[in-house]
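Q: Below is the structure I would like to discuss, written out as structure tokens.
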Amino acid sequence: MRPGVAPGAAVRILAPAKINVGLAILGPRGDGYHELRTIFQAVSLCDRIGLRRTRAGVRVHCPALQGLGERNLAHRAAALFLEQTGAPGGVRVEIEKRIPAGGGLGGGSSDAAAVLLGCCRLFGVLPEPGLLRHWAAALGSDAPFFLDGGSAVGSGRGELIEPLPPFAGKVVALLHLGSEGLATTEVYRRLEPAALTGRERAFNILLARWREGDLRRLGEKLFNDLEAPAFALSPGLPAVKEALSASGALGALLSGSGSGVFGLFGSDEEAERARALLRERVPGRLVKVHFLPARRRWGVVKR
Ligand code: C5P
């Protein structure tokens, strides 16, 4: 543990959603997880989190997630922080939920990462970055990505993060959020391992397209190996993806294990035009989001 920043009584922190701009599953591992490669991209749909020091214990207030109790990832993150650092006292966590659960958007993992970062500030503790990543990985495969956010390649079970330069071209994403969330475990369970050939090569081609910065060329190569099992579980999703493509998206894809589907556009005007077209044709919500740069570039911890 390094000597830290000055502690405070309360902090506020944003927890952004992510989309997976491509996801390759290489195969099952021996530990119940699957080896994957993905491009993570943080987007401007954010949960808002408030942390306050208390005398003892962890309390989470989140009207949208009532009933989860101590299984809530934010709760587990605060408890893990207190246990690992021996910080004196407790924490009250307040979450204003904007990222729907079961959308493949990493909402729970992002809240957990934000709570870890916020607790460091609250208690004036600065753990080694490797330690913070280790704690985040214990909370969820996607959580380490959210410590810095921005754009990154994820590998392993998703917890190994390599920063990626931001996409050079202009991108606006329309995010479709239906009412039905999908359970990640269930989607992975339905994956057909036999269908997984040449996935690393396919991912490397996608990554090369990302680095080129041409959205049309990136859009041609988008794929997510979890689409087939997610579409089998939620038969309305392919029509959403097709509608996004037909409305002018340069690429459309399921995010993570779904059920969120996004379309990528080259300008605000094109995304707005598509949104107007889709409003009548597709049930559910359509949210326009931007790609966010890495967390260290937008300073989100506020007293
Ligand atoms: O790590 P996380 O709790 O988000 O994973 C939820 C579930 O999704 C795991 O228990 C596992 O069944 C599945 N999973 C997987 N391979 C991954 C990530 C998640 O099989 N790389």
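Chain labels run A, B, ... following the order of the structure tokens; each chain numbers its residues from 1, and ligands are numbered from 1 in the order shown.
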Please, which residues of stretch 54-112 of chain A, numbered as in this document, come out helix (DSSP H, G or I) from DSSP, as a PyMOL selection string?
A: chain A and resi 63-65+69-71+73-85+107-112
Q: Within 10 Å of ligand 1, which residues of chain A come that close, and what is the closest atom pair and distance in Å for each? Count only C-alpha atoms and all ligand atoms and give it as a Markdown table.
A:
```
| residue | atom | partner | partner_atom_place_in_ligand_line | distance |
| --- | --- | --- | --- | --- |
| A:Ile25 | CA | ligand 1 | 21 (N) | 8.0 |
| A:Leu26 | CA | ligand 1 | 21 (N) | 9.7 |
| A:Gly27 | CA | ligand 1 | 16 (N) | 9.0 |
| A:Pro28 | CA | ligand 1 | 20 (O) | 7.1 |
| A:Arg29 | CA | ligand 1 | 16 (N) | 8.2 |
| A:Asp31 | CA | ligand 1 | 20 (O) | 8.8 |
| A:Gly32 | CA | ligand 1 | 20 (O) | 5.9 |
| A:Tyr33 | CA | ligand 1 | 20 (O) | 3.5 |
| A:His34 | CA | ligand 1 | 16 (N) | 3.7 |
| A:Glu35 | CA | ligand 1 | 21 (N) | 5.5 |
| A:Leu36 | CA | ligand 1 | 21 (N) | 5.8 |
| A:Arg37 | CA | ligand 1 | 21 (N) | 8.8 |
| A:Leu73 | CA | ligand 1 | 3 (O) | 9.6 |
| A:Gly104 | CA | ligand 1 | 4 (O) | 9.8 |
| A:Gly106 | CA | ligand 1 | 4 (O) | 8.3 |
| A:Gly108 | CA | ligand 1 | 4 (O) | 8.9 |
| A:Ser109 | CA | ligand 1 | 4 (O) | 7.6 |
| A:Ala137 | CA | ligand 1 | 1 (O) | 7.7 |
| A:Ala138 | CA | ligand 1 | 1 (O) | 8.1 |
| A:Leu139 | CA | ligand 1 | 3 (O) | 7.0 |
| A:Gly140 | CA | ligand 1 | 1 (O) | 4.0 |
| A:Ser141 | CA | ligand 1 | 1 (O) | 3.7 |
| A:Asp142 | CA | ligand 1 | 4 (O) | 6.2 |
| A:Ala143 | CA | ligand 1 | 4 (O) | 8.1 |
| A:Gly154 | CA | ligand 1 | 21 (N) | 9.7 |
| A:Ser155 | CA | ligand 1 | 21 (N) | 8.3 |
| A:Gly156 | CA | ligand 1 | 21 (N) | 6.8 |
| A:Arg157 | CA | ligand 1 | 21 (N) | 3.4 |
| A:Gly158 | CA | ligand 1 | 21 (N) | 5.5 |
| A:Glu159 | CA | ligand 1 | 21 (N) | 8.2 |
| A:Ala183 | CA | ligand 1 | 8 (O) | 8.2 |
| A:Thr184 | CA | ligand 1 | 8 (O) | 4.9 |
| A:Thr185 | CA | ligand 1 | 12 (O) | 4.1 |
| A:Glu186 | CA | ligand 1 | 12 (O) | 7.4 |
| A:Val187 | CA | ligand 1 | 8 (O) | 8.0 |
| A:Tyr188 | CA | ligand 1 | 20 (O) | 5.4 |
| A:Arg189 | CA | ligand 1 | 12 (O) | 7.0 |
| A:Leu191 | CA | ligand 1 | 20 (O) | 9.3 |
| A:Gly256 | CA | ligand 1 | 18 (C) | 9.5 |
| A:Ser257 | CA | ligand 1 | 8 (O) | 8.6 |
```
Q: Out of A:Leu105, A:Leu222, A:Ala78, A:Leu45, which residue has the shortest atom-to-atom distance to A:Arg209 when counting only C-alpha atoms?
A: A:Leu222
Q: Going by DSSP on the backbone, which bits of stretch 111-155 of chain A are strand (DSSP E or B)? Write them as a PyMOL selection string, please.
A: chain A and resi 125-126+149+151-155
Q: Restricting the calculation to only C-alpha atoms, which member of A:Phe145, A:Phe203, A:Trp298, A:Trp135 is positioned closest to A:Leu14?
A: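 The closest residue to A:Leu14 is A:Trp298.
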Q: Measuring between only C-alpha atoms, which one of A:Lys241, A:Arg285, A:His176, A:His290 shows the shortest distance to A:Gly260?
A: A:His176
Q: Just want the 8 Å neighbourhood of stretch 52-60 of chain A, counted on only C-alpha atoms, with same-chain residues fewer than 4 positions away dropped. Output as a PDB file with N, CA, C and O atoms, in the first residue's frame.
A:
```
ATOM      1  N   ALA A   9     -14.848  12.938   3.505  1.00  0.00           N
ATOM      2  CA  ALA A   9     -16.024  12.356   4.146  1.00  0.00           C
ATOM      3  C   ALA A   9     -16.957  11.727   3.126  1.00  0.00           C
ATOM      4  O   ALA A   9     -17.700  10.804   3.426  1.00  0.00           O
ATOM      5  N   ALA A  10     -16.932  12.248   1.898  1.00  0.00           N
ATOM      6  CA  ALA A  10     -17.840  11.730   0.869  1.00  0.00           C
ATOM      7  C   ALA A  10     -17.235  11.950  -0.510  1.00  0.00           C
ATOM      8  O   ALA A  10     -16.505  12.916  -0.719  1.00  0.00           O
ATOM      9  N   VAL A  11     -17.517  11.040  -1.435  1.00  0.00           N
ATOM     10  CA  VAL A  11     -17.104  11.243  -2.829  1.00  0.00           C
ATOM     11  C   VAL A  11     -18.251  10.822  -3.747  1.00  0.00           C
ATOM     12  O   VAL A  11     -19.091  10.008  -3.377  1.00  0.00           O
ATOM     13  N   GLY A  69     -29.253  -7.394  -2.012  1.00  0.00           N
ATOM     14  CA  GLY A  69     -28.582  -7.390  -0.710  1.00  0.00           C
ATOM     15  C   GLY A  69     -27.074  -7.492  -0.842  1.00  0.00           C
ATOM     16  O   GLY A  69     -26.462  -6.783  -1.637  1.00  0.00           O
ATOM     17  N   ALA A  74     -21.533  -4.002  -5.845  1.00  0.00           N
ATOM     18  CA  ALA A  74     -21.036  -2.784  -5.190  1.00  0.00           C
ATOM     19  C   ALA A  74     -20.850  -3.041  -3.696  1.00  0.00           C
ATOM     20  O   ALA A  74     -19.877  -2.586  -3.083  1.00  0.00           O
ATOM     21  N   HIS A  75     -21.779  -3.787  -3.138  1.00  0.00           N
ATOM     22  CA  HIS A  75     -21.686  -4.158  -1.718  1.00  0.00           C
ATOM     23  C   HIS A  75     -20.431  -4.999  -1.494  1.00  0.00           C
ATOM     24  O   HIS A  75     -19.629  -4.743  -0.580  1.00  0.00           O
ATOM     25  N   ALA A  78     -17.194  -2.898  -1.668  1.00  0.00           N
ATOM     26  CA  ALA A  78     -16.916  -2.097  -0.468  1.00  0.00           C
ATOM     27  C   ALA A  78     -16.433  -3.000   0.668  1.00  0.00           C
ATOM     28  O   ALA A  78     -15.475  -2.657   1.388  1.00  0.00           O
ATOM     29  N   ALA A  79     -17.073  -4.168   0.824  1.00  0.00           N
ATOM     30  CA  ALA A  79     -16.687  -5.096   1.892  1.00  0.00           C
ATOM     31  C   ALA A  79     -15.263  -5.608   1.670  1.00  0.00           C
ATOM     32  O   ALA A  79     -14.461  -5.685   2.610  1.00  0.00           O
ATOM     33  N   PRO A  88     -10.394   1.974   8.749  1.00  0.00           N
ATOM     34  CA  PRO A  88     -11.286   2.066   9.909  1.00  0.00           C
ATOM     35  C   PRO A  88     -12.671   2.579   9.500  1.00  0.00           C
ATOM     36  O   PRO A  88     -12.791   3.419   8.626  1.00  0.00           O
ATOM     37  N   GLY A  89     -13.716   2.031  10.126  1.00  0.00           N
ATOM     38  CA  GLY A  89     -15.075   2.520   9.870  1.00  0.00           C
ATOM     39  C   GLY A  89     -15.762   1.749   8.767  1.00  0.00           C
ATOM     40  O   GLY A  89     -15.351   0.647   8.391  1.00  0.00           O
ATOM     41  N   GLY A  90     -16.827   2.338   8.251  1.00  0.00           N
ATOM     42  CA  GLY A  90     -17.631   1.670   7.232  1.00  0.00           C
ATOM     43  C   GLY A  90     -17.966   2.608   6.084  1.00  0.00           C
ATOM     44  O   GLY A  90     -17.466   3.724   6.017  1.00  0.00           O
ATOM     45  N   VAL A  91     -18.816   2.124   5.158  1.00  0.00           N
ATOM     46  CA  VAL A  91     -19.172   2.890   3.961  1.00  0.00           C
ATOM     47  C   VAL A  91     -20.661   2.770   3.679  1.00  0.00           C
ATOM     48  O   VAL A  91     -21.235   1.675   3.784  1.00  0.00           O
ATOM     49  N   ARG A  92     -21.246   3.882   3.295  1.00  0.00           N
ATOM     50  CA  ARG A  92     -22.606   3.839   2.752  1.00  0.00           C
ATOM     51  C   ARG A  92     -22.504   4.150   1.259  1.00  0.00           C
ATOM     52  O   ARG A  92     -21.878   5.138   0.860  1.00  0.00           O
ATOM     53  N   VAL A  93     -23.090   3.263   0.444  1.00  0.00           N
ATOM     54  CA  VAL A  93     -23.015   3.412  -1.011  1.00  0.00           C
ATOM     55  C   VAL A  93     -24.406   3.743  -1.530  1.00  0.00           C
ATOM     56  O   VAL A  93     -25.368   3.032  -1.221  1.00  0.00           O
ATOM     57  N   GLU A  94     -24.494   4.793  -2.301  1.00  0.00           N
ATOM     58  CA  GLU A  94     -25.778   5.173  -2.906  1.00  0.00           C
ATOM     59  C   GLU A  94     -25.628   5.038  -4.419  1.00  0.00           C
ATOM     60  O   GLU A  94     -24.697   5.600  -4.991  1.00  0.00           O
ATOM     61  N   ILE A  95     -26.495   4.254  -5.068  1.00  0.00           N
ATOM     62  CA  ILE A  95     -26.358   4.051  -6.515  1.00  0.00           C
ATOM     63  C   ILE A  95     -27.612   4.528  -7.232  1.00  0.00           C
ATOM     64  O   ILE A  95     -28.716   4.070  -6.933  1.00  0.00           O
ATOM     65  N   LEU A 122     -11.891   7.947  -0.555  1.00  0.00           N
ATOM     66  CA  LEU A 122     -12.594   8.218   0.700  1.00  0.00           C
ATOM     67  C   LEU A 122     -11.686   7.999   1.912  1.00  0.00           C
ATOM     68  O   LEU A 122     -11.720   8.739   2.881  1.00  0.00           O
TER      69      LEU A 122
END
```
Q: Would you pick out the contacts of A:Val282 at 8 Å or less, using only C-alpha atoms, so that residues sharing its chain but fewer than 2 positions from it are not included, and give the list as a PyMOL selection string?
A: chain A and resi 240+243+278-280+284
Q: Give me a file of those residues, with all heavy atoms, as a compact mmCIF listing (two decimals), in the first residue's frame.
A:
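Written out: selection_37.txt:
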```
# COMPACT_ATOMS: atom_id res chain seq x y z
N VAL A 240 -33.90 -6.83 -33.97
CA VAL A 240 -33.40 -5.53 -33.50
C VAL A 240 -32.09 -5.22 -34.22
O VAL A 240 -31.87 -4.11 -34.72
CB VAL A 240 -33.16 -5.55 -31.97
CG1 VAL A 240 -32.49 -4.28 -31.50
CG2 VAL A 240 -34.46 -5.79 -31.23
N ALA A 243 -32.81 -4.34 -37.80
CA ALA A 243 -33.42 -3.01 -37.92
C ALA A 243 -32.36 -1.93 -37.79
O ALA A 243 -32.39 -0.92 -38.51
CB ALA A 243 -34.50 -2.84 -36.87
N LEU A 278 -36.43 4.09 -36.10
CA LEU A 278 -36.58 2.86 -35.32
C LEU A 278 -37.63 2.97 -34.23
O LEU A 278 -38.16 1.96 -33.77
CB LEU A 278 -35.24 2.47 -34.69
CG LEU A 278 -34.16 2.04 -35.69
CD1 LEU A 278 -32.82 1.92 -34.99
CD2 LEU A 278 -34.54 0.69 -36.30
N ARG A 279 -37.91 4.21 -33.82
CA ARG A 279 -38.82 4.41 -32.69
C ARG A 279 -40.15 3.68 -32.93
O ARG A 279 -40.72 3.09 -32.03
CB ARG A 279 -39.04 5.90 -32.48
CG ARG A 279 -39.30 6.24 -31.03
CD ARG A 279 -39.30 7.71 -30.79
NE ARG A 279 -37.99 8.25 -30.44
CZ ARG A 279 -37.53 9.42 -30.84
NH1 ARG A 279 -38.23 10.19 -31.66
NH2 ARG A 279 -36.35 9.85 -30.45
N GLU A 280 -40.63 3.72 -34.18
CA GLU A 280 -41.92 3.07 -34.47
C GLU A 280 -41.76 1.57 -34.71
O GLU A 280 -42.70 0.82 -34.55
CB GLU A 280 -42.55 3.71 -35.71
CG GLU A 280 -43.16 5.07 -35.45
CD GLU A 280 -42.57 6.13 -36.34
OE1 GLU A 280 -42.53 5.92 -37.56
OE2 GLU A 280 -42.12 7.17 -35.81
N GLY A 284 -38.93 -1.13 -27.07
CA GLY A 284 -37.79 -0.97 -26.16
C GLY A 284 -37.19 0.42 -26.31
O GLY A 284 -37.64 1.23 -27.12
```
Q: So that I can check the surroundings of A:Asp225, please list as a count of residues only every protein, DNA and RNA residue that reaches within 9 Å of it, counting only C-alpha atoms and ignoring chain neighbours fewer than 5 positions away.
A: 8
Q: Measuring between only C-alpha atoms, which one of A:Arg190, A:Lys18, A:Arg216, A:Arg48 shows the shortest distance to A:Ser245?
A: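 Comparing A:Arg190, A:Lys18, A:Arg216, A:Arg48 against A:Ser245, the winner is A:Arg216.
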